[in-house]
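Shown below: query31.cif, with mmCIF, C-alpha atoms.
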```
data_target
loop_
_atom_site.group_PDB
_atom_site.id
_atom_site.type_symbol
_atom_site.label_atom_id
_atom_site.label_comp_id
_atom_site.auth_asym_id
_atom_site.auth_seq_id
_atom_site.Cartn_x
_atom_site.Cartn_y
_atom_site.Cartn_z
ATOM 1 C CA MET A 1 56.414 -12.695 42.319
ATOM 2 C CA GLU A 2 56.492 -11.948 46.025
ATOM 3 C CA GLU A 3 54.440 -9.161 47.560
ATOM 4 C CA LYS A 4 57.565 -7.325 48.716
ATOM 5 C CA ASP A 5 58.706 -7.182 45.065
ATOM 6 C CA LEU A 6 55.396 -5.569 44.071
ATOM 7 C CA ASN A 7 55.824 -2.867 46.719
ATOM 8 C CA ARG A 8 59.407 -2.137 45.720
ATOM 9 C CA PRO A 9 59.898 1.478 44.595
ATOM 10 C CA LEU A 10 60.252 1.858 40.857
ATOM 11 C CA ARG A 11 61.237 4.889 38.803
ATOM 12 C CA ILE A 12 59.628 5.187 35.385
ATOM 13 C CA LYS A 13 59.298 7.916 32.766
ATOM 14 C CA LEU A 14 55.956 8.655 31.178
ATOM 15 C CA THR A 15 55.300 10.944 28.240
ATOM 16 C CA VAL A 16 52.148 13.038 28.352
ATOM 17 C CA ALA A 17 51.433 15.832 25.874
ATOM 18 C CA ASN A 18 54.950 15.714 24.465
ATOM 19 C CA ARG A 19 56.595 16.062 27.883
ATOM 20 C CA GLN A 20 58.384 13.436 29.910
ATOM 21 C CA TYR A 21 57.589 12.979 33.563
ATOM 22 C CA PRO A 22 59.738 10.892 35.911
ATOM 23 C CA ILE A 23 57.497 9.097 38.378
ATOM 24 C CA HIS A 24 58.263 7.050 41.458
ATOM 25 C CA THR A 25 55.719 4.290 41.913
ATOM 26 C CA LYS A 26 55.244 0.776 43.196
ATOM 27 C CA MET A 27 55.898 -2.020 40.757
ATOM 28 C CA GLN A 28 52.277 -3.166 41.081
ATOM 29 C CA GLU A 29 51.048 0.244 39.866
ATOM 30 C CA GLU A 30 53.336 0.558 36.836
ATOM 31 C CA ALA A 31 50.973 -1.007 34.309
ATOM 32 C CA SER A 32 48.076 1.169 35.458
ATOM 33 C CA LEU A 33 50.181 4.328 35.222
ATOM 34 C CA ARG A 34 51.362 3.441 31.730
ATOM 35 C CA ALA A 35 47.795 2.660 30.630
ATOM 36 C CA ALA A 36 46.581 5.979 32.079
ATOM 37 C CA ALA A 37 49.310 7.913 30.257
ATOM 38 C CA LYS A 38 48.414 6.110 27.029
ATOM 39 C CA ARG A 39 44.733 6.961 27.501
ATOM 40 C CA ILE A 40 45.540 10.627 28.158
ATOM 41 C CA GLU A 41 47.736 10.749 25.039
ATOM 42 C CA SER A 42 44.928 9.223 22.990
ATOM 43 C CA MET A 43 42.406 11.725 24.319
ATOM 44 C CA VAL A 44 44.781 14.632 23.658
ATOM 45 C CA ARG A 45 45.204 13.524 20.026
ATOM 46 C CA GLU A 46 41.448 13.036 19.645
ATOM 47 C CA LEU A 47 40.637 16.504 21.015
ATOM 48 C CA GLU A 48 43.456 18.099 19.038
ATOM 49 C CA SER A 49 41.999 16.872 15.771
ATOM 50 C CA ALA A 50 38.348 17.414 16.719
ATOM 51 C CA TYR A 51 38.760 20.999 17.895
ATOM 52 C CA SER A 52 41.903 22.113 16.042
ATOM 53 C CA VAL A 53 43.442 23.125 19.362
ATOM 54 C CA GLN A 54 47.226 23.216 19.394
ATOM 55 C CA ASP A 55 47.976 24.482 22.913
ATOM 56 C CA GLN A 56 48.932 21.429 24.961
ATOM 57 C CA GLN A 57 47.834 23.030 28.229
ATOM 58 C CA ASP A 58 44.362 23.673 26.814
ATOM 59 C CA LEU A 59 44.183 20.090 25.577
ATOM 60 C CA LEU A 60 45.271 18.720 28.943
ATOM 61 C CA ALA A 61 42.652 20.857 30.684
ATOM 62 C CA MET A 62 39.992 19.483 28.340
ATOM 63 C CA VAL A 63 41.146 15.911 29.007
ATOM 64 C CA ALA A 64 41.121 16.561 32.758
ATOM 65 C CA LEU A 65 37.538 17.837 32.524
ATOM 66 C CA ARG A 66 36.418 14.785 30.555
ATOM 67 C CA LEU A 67 38.078 12.358 32.955
ATOM 68 C CA ALA A 68 36.760 14.191 36.011
ATOM 69 C CA THR A 69 33.252 14.128 34.525
ATOM 70 C CA ARG A 70 33.477 10.377 33.950
ATOM 71 C CA LEU A 71 34.676 9.915 37.513
ATOM 72 C CA GLU A 72 31.765 11.949 38.872
ATOM 73 C CA ILE A 73 29.306 9.866 36.857
ATOM 74 C CA LEU A 74 30.876 6.604 38.050
ATOM 75 C CA ASN A 75 30.834 7.796 41.653
ATOM 76 C CA SER A 76 27.132 8.666 41.456
ATOM 77 C CA GLU A 77 26.001 5.437 39.755
ATOM 78 C CA PRO A 78 26.327 3.107 42.765
ATOM 79 C CA GLN A 79 24.155 5.481 44.780
ATOM 80 C CA ILE A 80 21.545 5.574 42.019
ATOM 81 C CA ASN A 81 21.529 1.761 41.704
ATOM 82 C CA GLU A 82 21.368 1.385 45.487
ATOM 83 C CA ASN A 83 18.387 3.724 45.670
ATOM 84 C CA LYS A 84 16.586 1.745 42.947
ATOM 85 C CA ALA A 85 17.270 -1.491 44.803
ATOM 86 C CA VAL A 86 15.884 -0.069 48.057
ATOM 87 C CA VAL A 87 12.716 1.059 46.292
ATOM 88 C CA GLN A 88 12.248 -2.378 44.701
ATOM 89 C CA ILE A 89 12.861 -4.162 48.016
ATOM 90 C CA ASN A 90 10.301 -1.927 49.719
ATOM 91 C CA ARG A 91 7.741 -2.703 46.996
ATOM 92 C CA LEU A 92 8.348 -6.435 47.367
ATOM 93 C CA ALA A 93 8.075 -6.175 51.149
ATOM 94 C CA GLU A 94 4.720 -4.381 50.756
ATOM 95 C CA LYS A 95 3.462 -7.065 48.375
ATOM 96 C CA ILE A 96 4.518 -9.812 50.759
ATOM 97 C CA SER A 97 2.840 -8.045 53.671
ATOM 98 C CA SER A 98 -0.361 -7.581 51.645
ATOM 99 C CA ALA A 99 -0.377 -11.229 50.594
ATOM 100 C CA MET A 100 0.051 -12.413 54.174
ATOM 101 C CA MET A 101 -2.968 -10.471 55.454
#
```
Starting from the coordinates I provided, produce the structure as structure tokens.
Amino acid sequence: MEEKDLNRPLRIKLTVANRQYPIHTKMQEEASLRAAAKRIESMVRELESAYSVQDQQDLLAMVALRLATRLEILNSEPQINENKAVVQINRLAEKISSAMM
């Protein structure tokens, strides 16, 4: 499939929390959007049964909080790993310097 086909506008309908949403997207993003909607639906059902919450807006807010929390954690992890790597590199550099003296 050519790149211009992947960038072609596409109109799809997604169902989230028992409501349909028409969305304009690029063809290359369709699968990701559908997977995201499916994940949200799954999380809504999971929270609905776990907390006996029936209000769809409350459930969507809870899902949004969970997803935003995961995003925050993922965004902070590279920084944490980078900091660990810098510390380890500095320790190795000190050992090498000590061994060369």
What separation in Å, quoted to one decimal, exists between CA of Arg8 (chain A) and CA of Met27 (chain A)?
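A separation of 6.1 Å between them.
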Hey, can you check how far CA of Lys13 (chain A) sits from CA of Ser32 (chain A)?
13.4 Å
Hey, can you check how far CA of Asn18 (chain A) sits from CA of Ser42 (chain A)?
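Answer for the CA of Asn18 (chain A) to CA of Ser42 (chain A) separation: 12.0 Å.
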Using the chain letters and numbers from the file, give me the residues hit by the PyMOL selection byres ((chain A and resi 22) around 6), as a ChimeraX atom specification.
/A:12-13,21,23
Neighbouring residues of Met62 (chain A) were defined as those with any atom within 12 Å, considering all atoms listed in the file; residues of the same chain fewer than 2 positions away were excluded. Please report them as a ChimeraX atom specification.
/A:40,43-48,50-51,53,55-60,64-69
Give as JSON, numbers by chain the residues that the PyMOL selection byres ((chain A and resi 9) around 12) matches when applied to the coordinates above.
{"A": [4, 5, 6, 7, 8, 10, 11, 12, 23, 24, 25, 26, 27, 28, 29, 30]}
